[in-house]
file data-v9.txt (compact mmCIF, C-alpha atoms)
# COMPACT_ATOMS: atom_id res chain seq x y z
CA MET A 27 2.17 -56.14 -12.74
CA GLU A 28 0.77 -53.71 -15.31
CA HIS A 29 -2.70 -55.13 -14.68
CA ILE A 30 -2.29 -54.56 -10.92
CA LEU A 31 -1.10 -50.99 -11.50
CA GLU A 32 -4.07 -50.33 -13.78
CA LEU A 33 -6.47 -51.63 -11.12
CA ASP A 34 -4.73 -49.39 -8.60
CA ARG A 35 -5.22 -46.38 -10.88
CA GLU A 36 -8.88 -47.19 -11.45
CA LEU A 37 -9.54 -47.64 -7.71
CA PHE A 38 -7.72 -44.36 -7.06
CA LEU A 39 -9.91 -42.49 -9.55
CA GLU A 40 -13.02 -44.02 -8.01
CA LEU A 41 -12.00 -42.93 -4.50
CA ASN A 42 -10.51 -39.57 -5.48
CA SER A 43 -12.84 -38.20 -8.13
CA ASN A 44 -16.22 -39.57 -7.11
CA PHE A 45 -16.29 -38.79 -3.40
CA HIS A 46 -15.49 -35.10 -3.35
CA THR A 47 -17.61 -32.53 -1.55
CA PRO A 48 -16.32 -28.95 -1.27
CA TRP A 49 -16.97 -28.74 2.49
CA LEU A 50 -14.80 -31.84 3.02
CA ASP A 51 -11.76 -30.49 1.19
CA GLN A 52 -10.35 -28.40 4.03
CA LEU A 53 -11.20 -31.06 6.63
CA MET A 54 -9.31 -33.70 4.64
CA MET A 55 -6.37 -31.34 4.26
CA PHE A 56 -6.38 -30.70 8.03
CA PHE A 57 -6.76 -34.37 9.00
CA SER A 58 -3.80 -35.19 6.76
CA THR A 59 -1.51 -33.07 8.96
CA THR A 60 0.34 -34.10 12.13
CA THR A 61 -1.03 -31.06 13.96
CA ALA A 62 -4.59 -32.37 13.74
CA TRP A 63 -3.70 -35.39 15.85
CA ILE A 64 -1.73 -33.74 18.68
CA PRO A 65 -4.64 -34.27 21.14
CA LEU A 66 -4.66 -37.98 20.25
CA TYR A 67 -0.89 -38.24 20.76
CA LEU A 68 -1.15 -36.48 24.13
CA PHE A 69 -3.91 -38.87 25.19
CA LEU A 70 -1.80 -41.87 24.20
CA LEU A 71 1.12 -40.39 26.15
CA TYR A 72 -1.15 -40.09 29.19
CA LEU A 73 -2.12 -43.78 28.86
CA LEU A 74 1.52 -44.79 28.54
CA ILE A 75 2.53 -42.83 31.65
CA ARG A 76 -0.44 -44.24 33.56
CA ASN A 77 0.54 -47.81 32.66
CA TYR A 78 4.32 -47.70 32.53
CA GLY A 79 5.31 -44.92 34.91
CA LYS A 80 9.07 -44.42 34.89
CA GLN A 81 9.50 -46.92 32.06
CA THR A 82 7.48 -44.75 29.66
CA TRP A 83 10.75 -43.51 28.16
CA LEU A 84 11.34 -47.04 26.82
CA ILE A 85 8.00 -46.99 25.00
CA LEU A 86 8.68 -43.52 23.62
CA LEU A 87 12.03 -44.80 22.37
CA ALA A 88 10.17 -47.59 20.53
CA VAL A 89 7.70 -45.04 19.10
CA ALA A 90 10.58 -42.87 17.85
CA LEU A 91 12.31 -45.90 16.34
CA THR A 92 9.09 -47.03 14.61
CA ILE A 93 8.54 -43.61 13.05
CA LEU A 94 12.21 -43.24 12.11
CA LEU A 95 12.30 -46.65 10.40
CA ALA A 96 8.92 -46.27 8.69
CA ASP A 97 9.70 -42.78 7.44
CA GLN A 98 13.21 -43.56 6.22
CA ILE A 99 12.23 -46.83 4.52
CA THR A 100 9.38 -45.18 2.61
CA SER A 101 10.95 -41.78 1.90
CA SER A 102 14.67 -42.53 1.54
CA ILE A 103 14.57 -46.06 0.12
CA MET A 104 11.27 -46.95 -1.55
CA LYS A 105 10.31 -43.68 -3.21
CA PRO A 106 13.70 -43.12 -4.91
CA PHE A 107 13.99 -46.80 -5.81
CA PHE A 108 10.55 -47.34 -7.37
CA GLU A 109 10.15 -43.79 -8.71
CA ARG A 110 6.41 -44.18 -9.05
CA LEU A 111 4.88 -40.81 -9.81
CA ARG A 112 2.17 -39.62 -7.46
CA PRO A 113 -1.22 -39.37 -9.18
CA SER A 114 -0.95 -35.59 -8.75
CA HIS A 115 2.20 -35.67 -10.92
CA GLU A 116 1.08 -38.31 -13.43
CA PRO A 117 0.62 -36.64 -16.87
CA SER A 118 -1.89 -39.27 -18.05
CA LEU A 119 -4.17 -38.43 -15.11
CA ALA A 120 -3.75 -34.66 -15.21
CA GLU A 121 -7.37 -33.99 -16.22
CA ARG A 122 -8.89 -36.60 -13.90
CA VAL A 123 -7.25 -36.10 -10.50
CA TYR A 124 -9.05 -33.91 -7.98
CA ILE A 125 -6.45 -31.67 -6.27
CA VAL A 126 -7.14 -29.64 -3.11
CA ASN A 127 -5.50 -26.22 -2.62
CA GLN A 128 -3.01 -27.03 -5.40
CA TYR A 129 -1.28 -29.40 -2.96
CA ARG A 130 0.55 -32.09 -4.97
CA GLY A 131 3.19 -33.49 -2.61
CA GLY A 132 6.65 -34.60 -3.75
CA LYS A 133 7.28 -36.21 -7.12
CA PHE A 134 7.18 -39.89 -6.06
CA GLY A 135 4.62 -41.61 -3.86
CA PHE A 136 5.37 -45.32 -3.40
CA ALA A 137 5.09 -45.97 -0.51
CA SER A 138 3.14 -43.53 1.65
CA SER A 139 5.05 -42.22 4.67
CA HIS A 140 1.81 -41.01 6.26
CA ALA A 141 0.37 -44.51 6.04
CA ALA A 142 3.55 -46.12 7.35
CA ASN A 143 3.83 -43.77 10.32
CA THR A 144 0.20 -43.93 11.41
CA PHE A 145 -0.13 -47.69 11.00
CA GLY A 146 3.19 -48.15 12.79
CA ILE A 147 1.97 -46.09 15.75
CA ALA A 148 -1.37 -47.93 15.80
CA THR A 149 0.36 -51.32 15.78
CA LEU A 150 2.84 -50.39 18.50
CA MET A 151 0.12 -48.95 20.75
CA TRP A 152 -1.96 -52.09 20.21
CA LEU A 153 1.03 -54.15 21.37
CA VAL A 154 2.00 -52.09 24.42
CA LEU A 155 -1.43 -50.99 25.68
CA LYS A 156 -2.88 -54.49 25.96
CA VAL A 157 -5.20 -53.54 28.80
CA TYR A 158 -7.07 -51.18 26.44
CA ARG A 159 -7.18 -53.52 23.43
CA PRO A 160 -10.97 -53.65 23.04
CA TRP A 161 -10.94 -49.98 22.02
CA ILE A 162 -7.27 -49.28 21.20
CA THR A 163 -8.02 -51.26 18.02
CA LEU A 164 -9.84 -48.12 16.86
CA LEU A 165 -6.38 -46.67 16.16
CA PHE A 166 -6.29 -48.86 13.07
CA LEU A 167 -9.41 -47.07 11.81
CA TRP A 168 -7.60 -43.79 12.48
CA ALA A 169 -4.64 -45.00 10.39
CA VAL A 170 -6.97 -46.07 7.57
CA GLY A 171 -8.73 -42.69 7.77
CA VAL A 172 -5.45 -40.79 7.48
CA GLY A 173 -4.50 -43.05 4.58
CA TYR A 174 -7.76 -42.19 2.84
CA THR A 175 -7.10 -38.45 3.20
CA ARG A 176 -4.00 -38.96 1.06
CA ILE A 177 -6.08 -40.55 -1.70
CA TYR A 178 -8.76 -37.87 -1.37
CA LEU A 179 -6.11 -35.16 -1.76
CA GLY A 180 -4.84 -36.86 -4.93
CA VAL A 181 -1.30 -37.52 -3.73
CA HIS A 182 -1.35 -41.32 -3.28
CA TYR A 183 -2.72 -44.41 -4.96
CA PRO A 184 -4.39 -47.06 -2.77
CA GLY A 185 -1.38 -49.31 -3.43
CA ASP A 186 0.91 -46.64 -1.94
CA ILE A 187 -1.23 -46.65 1.19
CA LEU A 188 -1.34 -50.45 1.53
CA ALA A 189 2.43 -50.68 1.07
CA GLY A 190 2.84 -47.97 3.71
CA PHE A 191 0.62 -49.90 6.12
CA THR A 192 2.78 -52.99 5.61
CA VAL A 193 6.01 -51.08 6.24
CA GLY A 194 4.56 -49.47 9.37
CA PHE A 195 3.38 -52.84 10.70
CA VAL A 196 6.79 -54.48 10.21
CA CYS A 197 8.64 -51.50 11.72
CA ALA A 198 6.36 -51.53 14.78
CA LEU A 199 6.94 -55.26 15.29
CA ALA A 200 10.71 -54.80 15.03
CA SER A 201 10.62 -51.89 17.49
CA PHE A 202 8.43 -53.89 19.88
CA LEU A 203 10.85 -56.83 19.87
CA LEU A 204 13.75 -54.48 20.57
CA LEU A 205 11.68 -52.85 23.31
CA MET A 206 11.08 -56.20 25.00
CA MET A 207 14.80 -56.98 24.89
CA LEU A 208 15.66 -53.57 26.33
CA ARG A 209 13.02 -53.86 29.06
CA ASN A 210 14.38 -57.27 30.09
CA PHE A 211 17.90 -55.82 30.19
CA VAL A 212 16.79 -52.83 32.32
CA GLU A 213 14.85 -55.06 34.70
CA ARG A 214 17.77 -57.47 35.12
CA ARG A 215 20.12 -54.55 35.68
CA SER A 216 17.76 -53.07 38.29
CA ALA A 217 17.49 -56.44 40.06
CA LEU A 218 21.29 -56.78 40.14
CA ASP A 219 21.69 -53.24 41.47
CA ALA A 220 19.09 -53.91 44.17
CA GLY A 221 20.94 -57.11 45.16
CA THR A 222 24.20 -55.28 45.67
CA ASP A 223 22.69 -52.66 48.00

call {"tool": "encode", "arguments": {"input": "data-v9.txt", "output": "structure tokens"}}
result
Amino acid sequence: MEHILELDRELFLELNSNFHTPWLDQLMMFFSTTTAWIPLYLFLLYLLIRNYGKQTWLILLAVALTILLADQITSSIMKPFFERLRPSHEPSLAERVYIVNQYRGGKFGFASSHAANTFGIATLMWLVLKVYRPWITLLFLWAVGVGYTRIYLGVHYPGDILAGFTVGFVCALASFLLLMMLRNFVERRSALDAGTD
């Protein structure tokens, strides 16, 4: 395990310290925020409404559940349990981590909530927007890009990001399965109501 953690630290330093350009700093900070992606979320909402109509609320319920699960598992369970210091708080890396705008995040970083949330959304959209799959797959590149911003900013190791991706993927699958069960229930209920009219 220590060897894996050391490799994670070395990969972090490679990605954090060696790829910095001053003009990218503020862009990476911006792309790491939720606000930056509001247009993307609105576009995805448009696609959901276009494809699901009145049943869009079921998909949004699955999205909310995915984010809730991913965020709580990473922030409320994993971070306090593993207590792995973020690179920005690791004393042994103090002189080697590139920090932007003095932003250091919370004390612990395993696993990344940003990574879990974005990968969870990407996975769920890939599952529910099948008709757009040839290009909806690009959402995974978006999730990877957001994950990289966290490394660039010095607040997560690559291992934090990969663990976050895994959590997000599992949470999206669980939400999708619940969504399918709920949709079947709603459709059966609608059919029964129509039969009694």

call {"tool": "closest_atom_pairs", "arguments": {"input": "data-v9.txt", "of": "region 69-176 of chain A", "to": "region 202-215 of chain A", "cutoff": "9 Å", "atoms": "all atoms listed in the file", "output": "CSV"}}
result
residue,atom,partner,partner_atom,distance
A:Gln81,CA,A:Arg209,CA,8.3
A:Leu84,CA,A:Leu205,CA,6.8
A:Ile85,CA,A:Leu205,CA,7.1
A:Leu87,CA,A:Leu205,CA,8.1
A:Ala88,CA,A:Leu205,CA,6.1
A:Val89,CA,A:Phe202,CA,8.9
A:Thr92,CA,A:Phe202,CA,8.7
A:Leu150,CA,A:Phe202,CA,6.7
A:Leu153,CA,A:Phe202,CA,7.6
A:Val154,CA,A:Phe202,CA,8.1

call {"tool": "residues_around", "arguments": {"input": "data-v9.txt", "residues": "region 105-121 of chain A", "least_positions_apart": "6", "cutoff": "8 Å", "atoms": "all atoms listed in the file", "output": "number ranges by chain"}}
result
A: 130-137, 180-183

call {"tool": "closest_residue", "arguments": {"input": "data-v9.txt", "among": "A:Arg176, A:His29, A:His46, A:Arg35", "to": "Ala141 (chain A)", "atoms": "only C-alpha atoms"}}
result
A:Arg176

call {"tool": "closest_residue", "arguments": {"input": "data-v9.txt", "among": "A:Leu86, A:Ile125, A:Ala169, A:Ile162", "to": "Ala142 (chain A)", "atoms": "only C-alpha atoms"}}
result
A:Ala169

call {"tool": "atom_distance", "arguments": {"input": "data-v9.txt", "atom1": "CA of Glu40 (chain A)", "atom2": "CA of Leu188 (chain A)"}}
result
16.4 Å

call {"tool": "residues_around", "arguments": {"input": "data-v9.txt", "residues": "Leu74 (chain A)", "least_positions_apart": "4", "cutoff": "10 Å", "atoms": "all atoms listed in the file", "output": "mmCIF file with C-alpha atoms, in the frame of the given file"}}
result
data_model
loop_
_atom_site.group_PDB
_atom_site.id
_atom_site.type_symbol
_atom_site.label_atom_id
_atom_site.label_comp_id
_atom_site.auth_asym_id
_atom_site.auth_seq_id
_atom_site.Cartn_x
_atom_site.Cartn_y
_atom_site.Cartn_z
ATOM 1 C CA LEU A 68 -1.150 -36.480 24.130
ATOM 2 C CA PHE A 69 -3.910 -38.870 25.190
ATOM 3 C CA LEU A 70 -1.800 -41.870 24.200
ATOM 4 C CA TYR A 78 4.320 -47.700 32.530
ATOM 5 C CA GLY A 79 5.310 -44.920 34.910
ATOM 6 C CA LYS A 80 9.070 -44.420 34.890
ATOM 7 C CA GLN A 81 9.500 -46.920 32.060
ATOM 8 C CA THR A 82 7.480 -44.750 29.660
ATOM 9 C CA TRP A 83 10.750 -43.510 28.160
ATOM 10 C CA ILE A 85 8.000 -46.990 25.000
ATOM 11 C CA LEU A 86 8.680 -43.520 23.620
ATOM 12 C CA MET A 151 0.120 -48.950 20.750
ATOM 13 C CA VAL A 154 2.000 -52.090 24.420
ATOM 14 C CA LEU A 155 -1.430 -50.990 25.680
#

call {"tool": "atom_distance", "arguments": {"input": "data-v9.txt", "atom1": "CA of Trp152 (chain A)", "atom2": "CA of Met104 (chain A)"}}
result
26.0 Å

call {"tool": "closest_atom_pairs", "arguments": {"input": "data-v9.txt", "of": "region 101-204 of chain A", "to": "region 51-62 of chain A", "cutoff": "8 Å", "atoms": "only C-alpha atoms", "output": "JSON lines"}}
result
{"residue": "A:Val126", "atom": "CA", "partner": "A:Asp51", "partner_atom": "CA", "distance": 6.4}
{"residue": "A:Val172", "atom": "CA", "partner": "A:Ser58", "partner_atom": "CA", "distance": 5.9}
{"residue": "A:Thr175", "atom": "CA", "partner": "A:Met54", "partner_atom": "CA", "distance": 5.4}
{"residue": "A:Arg176", "atom": "CA", "partner": "A:Ser58", "partner_atom": "CA", "distance": 6.8}
{"residue": "A:Tyr178", "atom": "CA", "partner": "A:Met54", "partner_atom": "CA", "distance": 7.3}
{"residue": "A:Leu179", "atom": "CA", "partner": "A:Met55", "partner_atom": "CA", "distance": 7.1}

call {"tool": "atom_distance", "arguments": {"input": "data-v9.txt", "atom1": "CA of Leu73 (chain A)", "atom2": "CA of Thr192 (chain A)"}}
result
25.5 Å

call {"tool": "residues_near_point", "arguments": {"input": "data-v9.txt", "point": "(8.2, -41.5, 10.4)", "cutoff": "8 Å", "atoms": "all atoms listed in the file", "output": "ChimeraX atom specification"}}
result
/A:90,92-98,139-140,142-143

call {"tool": "closest_residue", "arguments": {"input": "data-v9.txt", "among": "A:Ile103, A:Ala198, A:Met27, A:Ile147", "to": "Tyr67 (chain A)", "atoms": "only C-alpha atoms"}}
result
A:Ile147

call {"tool": "closest_residue", "arguments": {"input": "data-v9.txt", "among": "A:Phe45, A:Trp168, A:Trp161, A:Tyr124", "to": "Leu66 (chain A)", "atoms": "only C-alpha atoms"}}
result
A:Trp168

call {"tool": "closest_residue", "arguments": {"input": "data-v9.txt", "among": "A:Leu39, A:Glu28, A:Ser216, A:Gly146", "to": "Leu91 (chain A)", "atoms": "all atoms listed in the file"}}
result
A:Gly146

call {"tool": "closest_residue", "arguments": {"input": "data-v9.txt", "among": "A:Asn44, A:Phe191, A:Ile64, A:Asp186", "to": "Leu167 (chain A)", "atoms": "only C-alpha atoms"}}
result
A:Phe191

call {"tool": "axis_aligned_box", "arguments": {"input": "data-v9.txt", "around": "region 82-85 of chain A", "padding_each_side": "8 Å", "output": "JSON"}}
result
{"center_x": 9.4, "center_y": -45.3, "center_z": 27.3, "size_x": 19.9, "size_y": 19.5, "size_z": 20.7}

call {"tool": "decode", "arguments": {"input": "data-v9.txt", "residues": "region 149-196 of chain A", "atoms": "C-alpha atoms", "output": "PDB file, in the first residue's frame"}}
result
ATOM      1  CA  THR A 149     -22.745   7.818 -16.171  1.00  0.00           C
ATOM      2  CA  LEU A 150     -26.412   8.486 -15.479  1.00  0.00           C
ATOM      3  CA  MET A 151     -26.797  10.662 -18.590  1.00  0.00           C
ATOM      4  CA  TRP A 152     -25.086   7.965 -20.658  1.00  0.00           C
ATOM      5  CA  LEU A 153     -27.640   5.467 -19.356  1.00  0.00           C
ATOM      6  CA  VAL A 154     -30.784   7.574 -19.807  1.00  0.00           C
ATOM      7  CA  LEU A 155     -29.939   9.459 -23.012  1.00  0.00           C
ATOM      8  CA  LYS A 156     -29.236   6.371 -25.113  1.00  0.00           C
ATOM      9  CA  VAL A 157     -30.321   8.038 -28.341  1.00  0.00           C
ATOM     10  CA  TYR A 158     -27.404  10.487 -28.008  1.00  0.00           C
ATOM     11  CA  ARG A 159     -24.773   7.944 -26.945  1.00  0.00           C
ATOM     12  CA  PRO A 160     -22.310   8.543 -29.802  1.00  0.00           C
ATOM     13  CA  TRP A 161     -21.614  12.010 -28.402  1.00  0.00           C
ATOM     14  CA  ILE A 162     -23.017  11.877 -24.849  1.00  0.00           C
ATOM     15  CA  THR A 163     -19.898   9.789 -24.132  1.00  0.00           C
ATOM     16  CA  LEU A 164     -18.024  13.109 -24.247  1.00  0.00           C
ATOM     17  CA  LEU A 165     -19.434  13.753 -20.769  1.00  0.00           C
ATOM     18  CA  PHE A 166     -16.857  11.300 -19.464  1.00  0.00           C
ATOM     19  CA  LEU A 167     -14.128  13.559 -20.880  1.00  0.00           C
ATOM     20  CA  TRP A 168     -15.803  16.447 -19.069  1.00  0.00           C
ATOM     21  CA  ALA A 169     -15.702  14.474 -15.804  1.00  0.00           C
ATOM     22  CA  VAL A 170     -12.021  13.629 -16.348  1.00  0.00           C
ATOM     23  CA  GLY A 171     -11.314  17.294 -17.124  1.00  0.00           C
ATOM     24  CA  VAL A 172     -12.978  18.461 -13.913  1.00  0.00           C
ATOM     25  CA  GLY A 173     -11.035  15.784 -12.044  1.00  0.00           C
ATOM     26  CA  TYR A 174      -7.797  17.112 -13.511  1.00  0.00           C
ATOM     27  CA  THR A 175      -8.594  20.656 -12.350  1.00  0.00           C
ATOM     28  CA  ARG A 176      -8.540  19.331  -8.788  1.00  0.00           C
ATOM     29  CA  ILE A 177      -5.036  17.929  -9.286  1.00  0.00           C
ATOM     30  CA  TYR A 178      -3.899  21.122 -11.028  1.00  0.00           C
ATOM     31  CA  LEU A 179      -5.159  23.186  -8.079  1.00  0.00           C
ATOM     32  CA  GLY A 180      -3.189  20.969  -5.686  1.00  0.00           C
ATOM     33  CA  VAL A 181      -6.148  19.719  -3.652  1.00  0.00           C
ATOM     34  CA  HIS A 182      -6.358  16.077  -4.780  1.00  0.00           C
ATOM     35  CA  TYR A 183      -4.094  13.174  -5.634  1.00  0.00           C
ATOM     36  CA  PRO A 184      -4.878  11.139  -8.780  1.00  0.00           C
ATOM     37  CA  GLY A 185      -5.943   8.279  -6.491  1.00  0.00           C
ATOM     38  CA  ASP A 186      -8.551  10.566  -4.891  1.00  0.00           C
ATOM     39  CA  ILE A 187      -9.941  11.289  -8.345  1.00  0.00           C
ATOM     40  CA  LEU A 188     -10.030   7.634  -9.457  1.00  0.00           C
ATOM     41  CA  ALA A 189     -11.756   6.610  -6.229  1.00  0.00           C
ATOM     42  CA  GLY A 190     -14.261   9.417  -6.757  1.00  0.00           C
ATOM     43  CA  PHE A 191     -14.948   8.217 -10.307  1.00  0.00           C
ATOM     44  CA  THR A 192     -15.630   4.724  -8.968  1.00  0.00           C
ATOM     45  CA  VAL A 193     -18.024   5.995  -6.300  1.00  0.00           C
ATOM     46  CA  GLY A 194     -19.856   8.158  -8.842  1.00  0.00           C
ATOM     47  CA  PHE A 195     -20.186   5.242 -11.275  1.00  0.00           C
ATOM     48  CA  VAL A 196     -21.632   2.903  -8.627  1.00  0.00           C
TER      49      VAL A 196
END
